[in-house]
Structure formats: C-alpha cells, structure tokens
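This is work.pdb. It holds PDB, C-alpha atoms and all ligand atoms.
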```pdb
ATOM      1  CA  MET A 236      10.046 -11.386 -12.726  1.00  0.00           C
ATOM      2  CA  PRO A 237       8.263  -8.449 -11.098  1.00  0.00           C
ATOM      3  CA  ASN A 238       5.642  -6.876 -13.258  1.00  0.00           C
ATOM      4  CA  LEU A 239       3.478  -3.828 -13.466  1.00  0.00           C
ATOM      5  CA  ASP A 240      -0.231  -4.311 -12.920  1.00  0.00           C
ATOM      6  CA  ILE A 241      -2.248  -2.301 -15.384  1.00  0.00           C
ATOM      7  CA  HIS A 242      -5.788  -1.005 -15.287  1.00  0.00           C
ATOM      8  CA  LEU A 243      -7.351   0.643 -18.334  1.00  0.00           C
ATOM      9  CA  PHE A 244     -10.596   2.582 -18.078  1.00  0.00           C
ATOM     10  CA  PRO A 245     -12.633   4.759 -20.434  1.00  0.00           C
ATOM     11  CA  CYS A 246     -13.330   8.358 -19.434  1.00  0.00           C
ATOM     12  CA  LEU A 247     -14.579  11.660 -20.882  1.00  0.00           C
ATOM     13  CA  SER A 248     -16.104  10.999 -24.301  1.00  0.00           C
ATOM     14  CA  ASP A 249     -13.447   8.830 -25.915  1.00  0.00           C
ATOM     15  CA  ASN A 250     -10.330   9.008 -23.714  1.00  0.00           C
ATOM     16  CA  TYR A 251      -8.617   6.179 -21.937  1.00  0.00           C
ATOM     17  CA  GLY A 252      -7.100   6.466 -18.510  1.00  0.00           C
ATOM     18  CA  VAL A 253      -4.461   3.955 -17.453  1.00  0.00           C
ATOM     19  CA  LEU A 254      -3.162   3.134 -14.001  1.00  0.00           C
ATOM     20  CA  ILE A 255       0.112   1.268 -13.565  1.00  0.00           C
ATOM     21  CA  HIS A 256       0.918  -0.280 -10.229  1.00  0.00           C
ATOM     22  CA  ASP A 257       4.240  -1.531  -8.896  1.00  0.00           C
ATOM     23  CA  ALA A 258       3.086  -3.844  -6.109  1.00  0.00           C
ATOM     24  CA  ASP A 259       6.574  -4.448  -4.678  1.00  0.00           C
ATOM     25  CA  ASN A 260       7.039  -0.750  -4.001  1.00  0.00           C
ATOM     26  CA  ASN A 261       3.360   0.157  -3.566  1.00  0.00           C
ATOM     27  CA  LEU A 262       3.495   2.853  -6.236  1.00  0.00           C
ATOM     28  CA  THR A 263       0.688   3.754  -8.598  1.00  0.00           C
ATOM     29  CA  ALA A 264       0.885   6.105 -11.549  1.00  0.00           C
ATOM     30  CA  SER A 265      -1.895   7.474 -13.667  1.00  0.00           C
ATOM     31  CA  ILE A 266      -0.797   7.807 -17.274  1.00  0.00           C
ATOM     32  CA  ASP A 267      -2.228  11.253 -17.960  1.00  0.00           C
ATOM     33  CA  ALA A 268      -5.206  12.350 -15.897  1.00  0.00           C
ATOM     34  CA  PRO A 269      -8.137  13.124 -18.169  1.00  0.00           C
ATOM     35  CA  GLU A 270     -10.539  13.776 -15.275  1.00  0.00           C
ATOM     36  CA  ALA A 271     -10.065  13.436 -11.520  1.00  0.00           C
ATOM     37  CA  SER A 272     -13.354  11.651 -10.797  1.00  0.00           C
ATOM     38  CA  ALA A 273     -12.710   8.804 -13.237  1.00  0.00           C
ATOM     39  CA  VAL A 274      -9.137   8.345 -12.007  1.00  0.00           C
ATOM     40  CA  LYS A 275     -10.321   8.273  -8.386  1.00  0.00           C
ATOM     41  CA  GLN A 276     -13.002   5.732  -9.191  1.00  0.00           C
ATOM     42  CA  ALA A 277     -10.459   3.525 -10.951  1.00  0.00           C
ATOM     43  CA  LEU A 278      -8.070   3.806  -7.988  1.00  0.00           C
ATOM     44  CA  ALA A 279     -10.868   2.849  -5.586  1.00  0.00           C
ATOM     45  CA  GLU A 280     -11.820  -0.146  -7.711  1.00  0.00           C
ATOM     46  CA  LYS A 281      -8.267  -1.439  -7.588  1.00  0.00           C
ATOM     47  CA  GLY A 282      -7.560  -0.399  -3.999  1.00  0.00           C
ATOM     48  CA  TRP A 283      -4.478   1.518  -5.146  1.00  0.00           C
ATOM     49  CA  THR A 284      -3.158   4.857  -3.844  1.00  0.00           C
ATOM     50  CA  LEU A 285      -2.008   7.407  -6.399  1.00  0.00           C
ATOM     51  CA  THR A 286       1.659   8.361  -6.122  1.00  0.00           C
ATOM     52  CA  HIS A 287       2.450   9.690  -9.629  1.00  0.00           C
ATOM     53  CA  ILE A 288       0.955  11.170 -12.751  1.00  0.00           C
ATOM     54  CA  LEU A 289       2.962  10.645 -15.927  1.00  0.00           C
ATOM     55  CA  THR A 290       1.877  13.315 -18.399  1.00  0.00           C
ATOM     56  CA  THR A 291       2.362  12.852 -22.149  1.00  0.00           C
ATOM     57  CA  HIS A 292       1.193  16.333 -23.210  1.00  0.00           C
ATOM     58  CA  TYR A 293      -0.599  19.381 -21.897  1.00  0.00           C
ATOM     59  CA  HIS A 294      -4.015  19.044 -23.593  1.00  0.00           C
ATOM     60  CA  ALA A 295      -6.885  19.405 -21.134  1.00  0.00           C
ATOM     61  CA  ASP A 296      -8.208  15.918 -21.848  1.00  0.00           C
ATOM     62  CA  HIS A 297      -4.847  14.599 -20.553  1.00  0.00           C
ATOM     63  CA  THR A 298      -4.200  16.973 -17.645  1.00  0.00           C
ATOM     64  CA  GLY A 299      -7.678  18.034 -16.512  1.00  0.00           C
ATOM     65  CA  GLY A 300      -7.415  15.946 -13.341  1.00  0.00           C
ATOM     66  CA  ASN A 301      -3.897  17.003 -12.353  1.00  0.00           C
ATOM     67  CA  MET A 302      -4.564  19.659  -9.721  1.00  0.00           C
ATOM     68  CA  GLU A 303      -7.447  17.942  -7.963  1.00  0.00           C
ATOM     69  CA  LEU A 304      -5.558  14.643  -7.793  1.00  0.00           C
ATOM     70  CA  LYS A 305      -2.368  16.316  -6.630  1.00  0.00           C
ATOM     71  CA  GLY A 306      -4.293  18.293  -4.012  1.00  0.00           C
ATOM     72  CA  GLU A 307      -5.873  15.159  -2.606  1.00  0.00           C
ATOM     73  CA  THR A 308      -2.948  12.749  -2.820  1.00  0.00           C
ATOM     74  CA  GLY A 309       0.213  14.833  -2.985  1.00  0.00           C
ATOM     75  CA  CYS A 310       1.248  12.777  -6.006  1.00  0.00           C
ATOM     76  CA  THR A 311       4.314  13.685  -8.042  1.00  0.00           C
ATOM     77  CA  ILE A 312       3.533  14.971 -11.527  1.00  0.00           C
ATOM     78  CA  VAL A 313       6.083  14.104 -14.185  1.00  0.00           C
ATOM     79  CA  GLY A 314       5.790  15.568 -17.669  1.00  0.00           C
ATOM     80  CA  PRO A 315       7.331  17.121 -20.756  1.00  0.00           C
ATOM     81  CA  ARG A 316      10.006  19.746 -20.204  1.00  0.00           C
ATOM     82  CA  ALA A 317       9.300  21.386 -23.553  1.00  0.00           C
ATOM     83  CA  GLU A 318       5.768  22.343 -22.544  1.00  0.00           C
ATOM     84  CA  ALA A 319       6.171  22.271 -18.753  1.00  0.00           C
ATOM     85  CA  GLU A 320       4.564  25.693 -18.272  1.00  0.00           C
ATOM     86  CA  ARG A 321       1.340  24.293 -19.714  1.00  0.00           C
ATOM     87  CA  VAL A 322       1.202  21.143 -17.538  1.00  0.00           C
ATOM     88  CA  PRO A 323      -0.686  21.956 -14.317  1.00  0.00           C
ATOM     89  CA  GLY A 324       1.205  20.982 -11.161  1.00  0.00           C
ATOM     90  CA  ILE A 325       4.286  19.595 -12.893  1.00  0.00           C
ATOM     91  CA  ASP A 326       7.097  18.624 -10.460  1.00  0.00           C
ATOM     92  CA  ILE A 327       9.592  16.801 -12.647  1.00  0.00           C
ATOM     93  CA  GLN A 328      10.403  17.757 -16.223  1.00  0.00           C
ATOM     94  CA  LEU A 329      11.639  15.192 -18.712  1.00  0.00           C
ATOM     95  CA  GLY A 330      12.781  15.187 -22.302  1.00  0.00           C
ATOM     96  CA  ASP A 331      14.430  13.104 -24.977  1.00  0.00           C
ATOM     97  CA  GLY A 332      16.890  10.544 -23.649  1.00  0.00           C
ATOM     98  CA  ASP A 333      15.920  10.986 -20.002  1.00  0.00           C
ATOM     99  CA  SER A 334      15.113   8.042 -17.765  1.00  0.00           C
ATOM    100  CA  TYR A 335      12.674   8.103 -14.894  1.00  0.00           C
ATOM    101  CA  ASP A 336      12.685   5.466 -12.166  1.00  0.00           C
ATOM    102  CA  PHE A 337       9.222   4.349 -11.156  1.00  0.00           C
ATOM    103  CA  GLY A 338       9.807   1.815  -8.389  1.00  0.00           C
ATOM    104  CA  GLY A 339      11.437  -1.226  -9.901  1.00  0.00           C
ATOM    105  CA  PHE A 340      10.839  -0.003 -13.423  1.00  0.00           C
ATOM    106  CA  THR A 341      12.604   2.596 -15.493  1.00  0.00           C
ATOM    107  CA  ALA A 342      10.774   4.653 -18.076  1.00  0.00           C
ATOM    108  CA  LYS A 343      12.790   5.864 -21.006  1.00  0.00           C
ATOM    109  CA  VAL A 344      11.492   9.103 -22.427  1.00  0.00           C
ATOM    110  CA  PHE A 345      11.305  10.137 -26.060  1.00  0.00           C
ATOM    111  CA  ASP A 346      10.353  13.528 -27.384  1.00  0.00           C
ATOM    112  CA  THR A 347       7.546  12.828 -29.824  1.00  0.00           C
ATOM    113  CA  PRO A 348       6.475  16.289 -31.011  1.00  0.00           C
ATOM    114  CA  GLY A 349       3.886  16.932 -33.684  1.00  0.00           C
ATOM    115  CA  HIS A 350       0.511  16.575 -31.982  1.00  0.00           C
ATOM    116  CA  THR A 351       1.832  19.139 -29.509  1.00  0.00           C
ATOM    117  CA  SER A 352       5.283  20.635 -29.686  1.00  0.00           C
ATOM    118  CA  GLY A 353       6.442  19.080 -26.413  1.00  0.00           C
ATOM    119  CA  HIS A 354       4.658  15.711 -26.431  1.00  0.00           C
ATOM    120  CA  ILE A 355       6.656  12.887 -24.817  1.00  0.00           C
ATOM    121  CA  THR A 356       6.309   9.104 -24.921  1.00  0.00           C
ATOM    122  CA  PHE A 357       7.183   6.783 -22.019  1.00  0.00           C
ATOM    123  CA  TRP A 358       8.746   3.390 -22.731  1.00  0.00           C
ATOM    124  CA  PHE A 359       9.217   0.823 -19.954  1.00  0.00           C
ATOM    125  CA  PRO A 360      11.580  -1.718 -21.554  1.00  0.00           C
ATOM    126  CA  LYS A 361      11.505  -4.194 -18.664  1.00  0.00           C
ATOM    127  CA  ALA A 362       7.700  -4.278 -18.668  1.00  0.00           C
ATOM    128  CA  ASN A 363       7.541  -4.138 -22.464  1.00  0.00           C
ATOM    129  CA  LEU A 364       5.129  -1.193 -22.310  1.00  0.00           C
ATOM    130  CA  CYS A 365       4.894   2.048 -24.210  1.00  0.00           C
ATOM    131  CA  PHE A 366       2.565   4.928 -23.366  1.00  0.00           C
ATOM    132  CA  ALA A 367       2.220   6.913 -26.556  1.00  0.00           C
ATOM    133  CA  GLY A 368      -0.413   9.470 -25.536  1.00  0.00           C
ATOM    134  CA  ASP A 369      -1.820  11.104 -28.652  1.00  0.00           C
ATOM    135  CA  THR A 370       1.161  10.301 -30.883  1.00  0.00           C
ATOM    136  CA  LEU A 371       0.322   6.758 -32.027  1.00  0.00           C
ATOM    137  CA  PHE A 372      -3.178   5.284 -31.810  1.00  0.00           C
ATOM    138  CA  THR A 373      -4.422   1.814 -32.579  1.00  0.00           C
ATOM    139  CA  LEU A 374      -4.565   1.950 -36.412  1.00  0.00           C
ATOM    140  CA  GLY A 375      -4.058   5.699 -36.304  1.00  0.00           C
ATOM    141  CA  CYS A 376      -1.956   8.597 -35.120  1.00  0.00           C
ATOM    142  CA  GLY A 377      -2.576  11.938 -33.490  1.00  0.00           C
ATOM    143  CA  ARG A 378      -3.540  15.002 -35.426  1.00  0.00           C
ATOM    144  CA  VAL A 379      -0.556  17.198 -36.175  1.00  0.00           C
ATOM    145  CA  PHE A 380      -1.565  20.386 -34.374  1.00  0.00           C
ATOM    146  CA  GLU A 381       1.796  21.915 -33.470  1.00  0.00           C
ATOM    147  CA  GLY A 382       4.276  20.504 -35.898  1.00  0.00           C
ATOM    148  CA  ASP A 383       4.530  19.329 -39.454  1.00  0.00           C
ATOM    149  CA  ALA A 384       4.478  15.996 -41.220  1.00  0.00           C
ATOM    150  CA  ARG A 385       8.241  15.587 -41.120  1.00  0.00           C
ATOM    151  CA  MET A 386       8.331  16.196 -37.368  1.00  0.00           C
ATOM    152  CA  MET A 387       5.457  13.800 -36.672  1.00  0.00           C
ATOM    153  CA  TRP A 388       6.994  11.123 -38.888  1.00  0.00           C
ATOM    154  CA  ASN A 389      10.257  11.473 -37.012  1.00  0.00           C
ATOM    155  CA  SER A 390       8.345  11.008 -33.735  1.00  0.00           C
ATOM    156  CA  LEU A 391       6.478   7.961 -35.009  1.00  0.00           C
ATOM    157  CA  SER A 392       9.774   6.537 -36.253  1.00  0.00           C
ATOM    158  CA  LYS A 393      11.078   6.463 -32.672  1.00  0.00           C
ATOM    159  CA  ILE A 394       8.127   4.312 -31.628  1.00  0.00           C
ATOM    160  CA  LYS A 395       8.458   2.239 -34.797  1.00  0.00           C
ATOM    161  CA  ALA A 396      12.009   1.349 -33.744  1.00  0.00           C
ATOM    162  CA  LEU A 397      10.962  -0.254 -30.430  1.00  0.00           C
ATOM    163  CA  PRO A 398      10.860  -4.056 -30.162  1.00  0.00           C
ATOM    164  CA  PRO A 399       7.866  -5.343 -32.174  1.00  0.00           C
ATOM    165  CA  GLU A 400       6.415  -7.115 -29.137  1.00  0.00           C
ATOM    166  CA  THR A 401       6.053  -3.778 -27.309  1.00  0.00           C
ATOM    167  CA  ILE A 402       2.552  -3.256 -25.925  1.00  0.00           C
ATOM    168  CA  ILE A 403       1.296   0.211 -26.811  1.00  0.00           C
ATOM    169  CA  TYR A 404      -1.275   2.188 -24.854  1.00  0.00           C
ATOM    170  CA  SER A 405      -2.698   5.349 -26.339  1.00  0.00           C
ATOM    171  CA  GLY A 406      -5.021   8.070 -25.177  1.00  0.00           C
ATOM    172  CA  HIS A 407      -8.206   7.518 -27.179  1.00  0.00           C
ATOM    173  CA  GLU A 408     -10.659   5.023 -28.610  1.00  0.00           C
ATOM    174  CA  TYR A 409     -10.716   6.137 -32.227  1.00  0.00           C
ATOM    175  CA  THR A 410     -10.077   2.730 -33.714  1.00  0.00           C
ATOM    176  CA  GLN A 411     -13.334   2.082 -35.559  1.00  0.00           C
ATOM    177  CA  SER A 412     -12.997   5.248 -37.606  1.00  0.00           C
ATOM    178  CA  ASN A 413      -9.256   4.626 -38.016  1.00  0.00           C
ATOM    179  CA  ALA A 414      -9.977   1.150 -39.411  1.00  0.00           C
ATOM    180  CA  GLU A 415     -12.515   2.472 -41.897  1.00  0.00           C
ATOM    181  CA  PHE A 416     -10.024   5.063 -43.075  1.00  0.00           C
ATOM    182  CA  ALA A 417      -7.128   2.574 -43.222  1.00  0.00           C
ATOM    183  CA  LEU A 418      -9.142   0.397 -45.589  1.00  0.00           C
ATOM    184  CA  THR A 419      -9.515   3.329 -47.991  1.00  0.00           C
ATOM    185  CA  VAL A 420      -5.747   3.697 -48.405  1.00  0.00           C
ATOM    186  CA  GLU A 421      -4.741   0.035 -48.251  1.00  0.00           C
ATOM    187  CA  PRO A 422      -7.799  -2.076 -49.086  1.00  0.00           C
ATOM    188  CA  GLY A 423      -5.711  -5.022 -50.259  1.00  0.00           C
ATOM    189  CA  ASN A 424      -3.923  -5.514 -46.922  1.00  0.00           C
ATOM    190  CA  ALA A 425      -5.226  -8.895 -45.725  1.00  0.00           C
ATOM    191  CA  ALA A 426      -4.011  -8.363 -42.160  1.00  0.00           C
ATOM    192  CA  LEU A 427      -5.860  -5.054 -42.073  1.00  0.00           C
ATOM    193  CA  GLN A 428      -9.036  -6.629 -43.423  1.00  0.00           C
ATOM    194  CA  SER A 429      -9.178  -9.277 -40.729  1.00  0.00           C
ATOM    195  CA  ARG A 430      -8.201  -6.814 -38.056  1.00  0.00           C
ATOM    196  CA  SER A 431     -10.964  -4.424 -39.077  1.00  0.00           C
ATOM    197  CA  GLU A 432     -13.427  -7.258 -38.679  1.00  0.00           C
ATOM    198  CA  GLU A 433     -12.041  -7.992 -35.213  1.00  0.00           C
ATOM    199  CA  ILE A 434     -12.300  -4.321 -34.275  1.00  0.00           C
ATOM    200  CA  ARG A 435     -15.892  -4.132 -35.421  1.00  0.00           C
ATOM    201  CA  GLU A 436     -16.715  -7.091 -33.174  1.00  0.00           C
ATOM    202  CA  LEU A 437     -14.826  -5.680 -30.178  1.00  0.00           C
ATOM    203  CA  ARG A 438     -16.506  -2.295 -30.479  1.00  0.00           C
ATOM    204  CA  ALA A 439     -19.930  -3.868 -30.974  1.00  0.00           C
ATOM    205  CA  LYS A 440     -19.401  -5.481 -27.572  1.00  0.00           C
ATOM    206  CA  GLY A 441     -18.165  -2.177 -26.128  1.00  0.00           C
ATOM    207  CA  GLU A 442     -14.667  -3.581 -25.607  1.00  0.00           C
ATOM    208  CA  PRO A 443     -11.495  -1.496 -25.946  1.00  0.00           C
ATOM    209  CA  THR A 444      -9.069  -1.828 -28.854  1.00  0.00           C
ATOM    210  CA  VAL A 445      -6.295  -0.470 -26.619  1.00  0.00           C
ATOM    211  CA  PRO A 446      -3.652  -1.664 -25.985  1.00  0.00           C
ATOM    212  CA  THR A 447      -2.193  -2.823 -29.245  1.00  0.00           C
ATOM    213  CA  THR A 448       1.248  -4.191 -30.092  1.00  0.00           C
ATOM    214  CA  LEU A 449       3.834  -2.556 -32.283  1.00  0.00           C
ATOM    215  CA  ALA A 450       3.964  -5.711 -34.433  1.00  0.00           C
ATOM    216  CA  ARG A 451       0.257  -5.417 -35.260  1.00  0.00           C
ATOM    217  CA  GLU A 452       0.574  -1.709 -35.967  1.00  0.00           C
ATOM    218  CA  LEU A 453       3.514  -2.270 -38.292  1.00  0.00           C
ATOM    219  CA  GLU A 454       1.350  -4.704 -40.283  1.00  0.00           C
ATOM    220  CA  THR A 455      -1.844  -2.674 -40.399  1.00  0.00           C
ATOM    221  CA  ASN A 456      -1.512   0.982 -39.377  1.00  0.00           C
ATOM    222  CA  PRO A 457      -1.302   3.077 -42.576  1.00  0.00           C
ATOM    223  CA  PHE A 458       0.506   5.879 -40.718  1.00  0.00           C
ATOM    224  CA  LEU A 459       3.435   3.508 -40.102  1.00  0.00           C
ATOM    225  CA  ARG A 460       3.402   2.062 -43.626  1.00  0.00           C
ATOM    226  CA  PRO A 461       4.633   4.691 -46.087  1.00  0.00           C
ATOM    227  CA  ASP A 462       6.792   1.929 -47.579  1.00  0.00           C
ATOM    228  CA  SER A 463       3.707  -0.069 -48.610  1.00  0.00           C
ATOM    229  CA  PRO A 464       3.628  -0.301 -52.414  1.00  0.00           C
ATOM    230  CA  GLU A 465      -0.170  -0.384 -52.300  1.00  0.00           C
ATOM    231  CA  ILE A 466      -0.389   2.823 -50.278  1.00  0.00           C
ATOM    232  CA  GLN A 467       2.181   4.511 -52.492  1.00  0.00           C
ATOM    233  CA  ALA A 468       0.274   3.505 -55.625  1.00  0.00           C
ATOM    234  CA  ASN A 469      -3.098   4.581 -54.237  1.00  0.00           C
ATOM    235  CA  LEU A 470      -1.663   7.969 -53.371  1.00  0.00           C
ATOM    236  CA  GLY A 471       0.228   8.280 -56.637  1.00  0.00           C
ATOM    237  CA  MET A 472       3.400   8.778 -54.584  1.00  0.00           C
ATOM    238  CA  GLU A 473       5.636   5.900 -55.627  1.00  0.00           C
ATOM    239  CA  GLY A 474       9.193   6.337 -54.438  1.00  0.00           C
ATOM    240  CA  ARG A 475       8.584   9.518 -52.452  1.00  0.00           C
ATOM    241  CA  GLU A 476      10.086  10.119 -49.014  1.00  0.00           C
ATOM    242  CA  ASP A 477       8.473   8.318 -46.082  1.00  0.00           C
ATOM    243  CA  TRP A 478       7.557  11.549 -44.332  1.00  0.00           C
ATOM    244  CA  GLU A 479       5.863  12.929 -47.450  1.00  0.00           C
ATOM    245  CA  ILE A 480       3.746   9.823 -47.867  1.00  0.00           C
ATOM    246  CA  PHE A 481       2.937   9.869 -44.162  1.00  0.00           C
ATOM    247  CA  GLY A 482       1.928  13.530 -44.503  1.00  0.00           C
ATOM    248  CA  GLU A 483      -0.437  12.767 -47.365  1.00  0.00           C
ATOM    249  CA  VAL A 484      -2.052   9.905 -45.423  1.00  0.00           C
ATOM    250  CA  ARG A 485      -2.475  12.215 -42.412  1.00  0.00           C
ATOM    251  CA  GLN A 486      -4.024  14.919 -44.589  1.00  0.00           C
ATOM    252  CA  ARG A 487      -6.475  12.496 -46.144  1.00  0.00           C
ATOM    253  CA  LYS A 488      -7.559  11.327 -42.707  1.00  0.00           C
ATOM    254  CA  ASP A 489      -8.013  14.937 -41.591  1.00  0.00           C
ATOM    255  CA  ASN A 490     -10.289  15.501 -44.570  1.00  0.00           C
ATOM    256  CA  ALA A 491     -12.078  12.147 -44.419  1.00  0.00           C
TER     257      ALA A 491
HETATM  258 ZN    ZN B 501      -4.145  15.604 -27.289  1.00  0.00          ZN
HETATM  259 FE    FE B 502      -6.251  13.639 -26.367  1.00  0.00          FE
END
```
For the structure just supplied, provide its representation as structure tokens.
Ligand code: ZN
Ligand code: FE
Amino acid sequence: MPNLDIHLFPCLSDNYGVLIHDADNNLTASIDAPEASAVKQALAEKGWTLTHILTTHYHADHTGGNMELKGETGCTIVGPRAEAERVPGIDIQLGDGDSYDFGGFTAKVFDTPGHTSGHITFWFPKANLCFAGDTLFTLGCGRVFEGDARMMWNSLSKIKALPPETIIYSGHEYTQSNAEFALTVEPGNAALQSRSEEIRELRAKGEPTVPTTLARELETNPFLRPDSPEIQANLGMEGREDWEIFGEVRQRKDNA
C-alpha cells in the first residue's frame, strides 16, 4: 500500500511544522507554514520539493511562511474558505465536506471553528492521518478565540468521531502543561496518570509528544471527556450537556 512519508519539526517557540510527501507522485505539502526558514530547512533535510501548503487557519504562526515559500517554489496554497481573505497567497478554498486530492491521497475537510471562525481540519482516511491545527492538541485543545464553547465542542466532536486508530498531528507542543492541567480535573484517571509520566520523560529528553492517536486522546484528554463521571463530579456538573462541561473545562484551563 502506498503511504505518505511524514517529517515533523519544531519551529518558532512552540509550533510544529509537518511535511507530508507522496513519493509516487513526487508531491510534498507543508501542513501550515509557521516560518519559511524552518520549512525550507526541513525540505532540504529530506530532499523534498514543496508543491503545496495545506493551511488550517489564518493565524500568523501557521501562515507566516506562506508568501516567501510560494514566491520561491510556486506551491499551491490550500486553505479555509471561511477565512480565505486572511490566508496569504491562498489558491484553493475548502470547507466542510470538501475533498482535496493530494497525489494518491484524498484529504477530507471538516470545518472546525472555535479557535478561529474558519478553522479547518484535514483527514486523510487512506493514510489514517488527521491534521487538526489548533483545534485538538495532545491532551488539550485550542483556545476558543472566535467562537463559543458549543461551537468548539461541535468541532471537537467531528474529530472524536474519526476511527480511534487515527493519528493526529497538531500545531503546538503544549503537552506538559496540558498534562498538569488534565490531572487537576481527572486525577483518578489511571491512563492519564501513566501518560503524564510518559510525557514528562519525553519532554525531559526534548522529544515531541505529537503525533498522538485519537484512541489515546479519548482515554486521557479532558476536553474530549465531558462524559467522565469523575470530571463531572469535580466540576459539580453531573448530568449537564457535553458542551457545557467542555466549556467549563476550557475556562478552567484558560484561568489555570
Ligand atoms: Zn492558532
Ligand atoms: Fe497556533
């Protein structure tokens, strides 16, 4: 079975860049483009030539490299229709339910608003990969800057519904602080306890905690667990709607 080669690299202060490469068709996409220099260095390391940028949302730490990279490579920039005017150099606009063919692989696009109002998520079913930008993080989720809790919960629910074995890449390394926070809302979660220990060790060695899998997030990420009786009890929100409990967890993290 053909597969996508993937290269993850840290950039800016706590962002991740990701390159995906379809060797059969000699295509390479940068998932977001936090800064041109780091993307170019990563491309050089792999010996790949940039053909696409797949943009999740307009924030500068995800699009800062767009124009320089496009100017130098002529790459095609694909991004969210709902905030297209804010994505530098955008060529192709996508939204909920759209598919985008990247060589031998098709990305399915979901609108996942909340962090920004037009944020999209790319899912490559054949490669079992999801690029969630700043919507879902390892043990966390994005801050809700341009939406409300109900909207963000609805977005996270779309990711939550993917196959559990889906491998999820996100835009930042925030996992250590996410783990510490998660333990304050669900301290009795044994899977979370052991995972926090693992994360501490990975970060102590300077290793990334991205990607993750949906299965692990469903077990340990408090933002995906409003149905946890322990979380509900700790928040004093037994039996409330999922989105309300999610909203309270998000607010506590914002204030942590
Ligand atoms: Zn962002
Ligand atoms: Fe970001």
*Convert the output of the PyMOL selection byres (((chain A and resi 454-468) around 6) and not hetatm) on the shown file into explicit residues, formatted as a ChimeraX atom specification.*
/A:374,417,420-421,427,451-453,469-473,477,480-481
*Residues selected by the PyMOL selection byres (((chain A and resi 263-275) around 7) and not hetatm), written as an MDAnalysis selection string*: chainID A and resid 246 252:257 261:262 276:279 283:291 296:301 303:304
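Using all atoms listed in the file for every distance, the candidate list A:Val322, A:Met386, A:Leu437, A:Ile241 yields A:Leu437 as the residue closest to Gln411 in chain A.
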List all protein, DNA and RNA residues that have any atom at most 8 Å from ligand ZN 501 (chain B), counting all atoms listed in the file, and write the list as an mmCIF file with C-alpha atoms, in the frame of the given file.
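Output below, filename part-v3.cif:
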```
data_model
loop_
_atom_site.group_PDB
_atom_site.id
_atom_site.type_symbol
_atom_site.label_atom_id
_atom_site.label_comp_id
_atom_site.auth_asym_id
_atom_site.auth_seq_id
_atom_site.Cartn_x
_atom_site.Cartn_y
_atom_site.Cartn_z
ATOM 1 C CA HIS A 292 1.193 16.333 -23.210
ATOM 2 C CA TYR A 293 -0.599 19.381 -21.897
ATOM 3 C CA HIS A 294 -4.015 19.044 -23.593
ATOM 4 C CA ALA A 295 -6.885 19.405 -21.134
ATOM 5 C CA ASP A 296 -8.208 15.918 -21.848
ATOM 6 C CA HIS A 297 -4.847 14.599 -20.553
ATOM 7 C CA HIS A 350 0.511 16.575 -31.982
ATOM 8 C CA THR A 351 1.832 19.139 -29.509
ATOM 9 C CA GLY A 368 -0.413 9.470 -25.536
ATOM 10 C CA ASP A 369 -1.820 11.104 -28.652
ATOM 11 C CA GLY A 377 -2.576 11.938 -33.490
ATOM 12 C CA GLY A 406 -5.021 8.070 -25.177
#
```
*Might you spell out which residues the PyMOL selection byres (((chain A and resi 442-445) around 8) and not hetatm) would select in the displayed file, as a list of chain:residue names?*
A:Thr373, A:Ile403, A:Tyr404, A:Ser405, A:Glu408, A:Thr410, A:Ile434, A:Leu437, A:Arg438, A:Ala439, A:Lys440, A:Gly441, A:Pro446, A:Thr447
Taking all atoms of range 461-479 of chain A that the file lists and extending 3 Å past them on each side, where is the centre of the axis-aligned box and how long are its edges? Answer in Å to one decimal, as lines of an AutoDock Vina configuration file.
```
center_x = 3.5
center_y = 6.3
center_z = -50.5
size_x = 19.2
size_y = 19.3
size_z = 18.3
```
_Let me make sure I understand: among A:Leu449, A:Ala317, A:Ala491, A:Ile325, which one has the smallest atom-to-atom distance to Lys395 in chain A if we use only C-alpha atoms?_
A:Leu449
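Going from CA of Ser412 in chain A over to CA of Leu371 in chain A, you cover 14.5 Å.
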*asked:* If we count all atoms listed in the file and set the cut-off at 8 Å, which residues sit around Thr341 in chain A, ignoring sequence neighbours fewer than 3 positions away in its own chain? Please answer as an MDAnalysis selection string.
replied: chainID A and resid 334:338 359:361
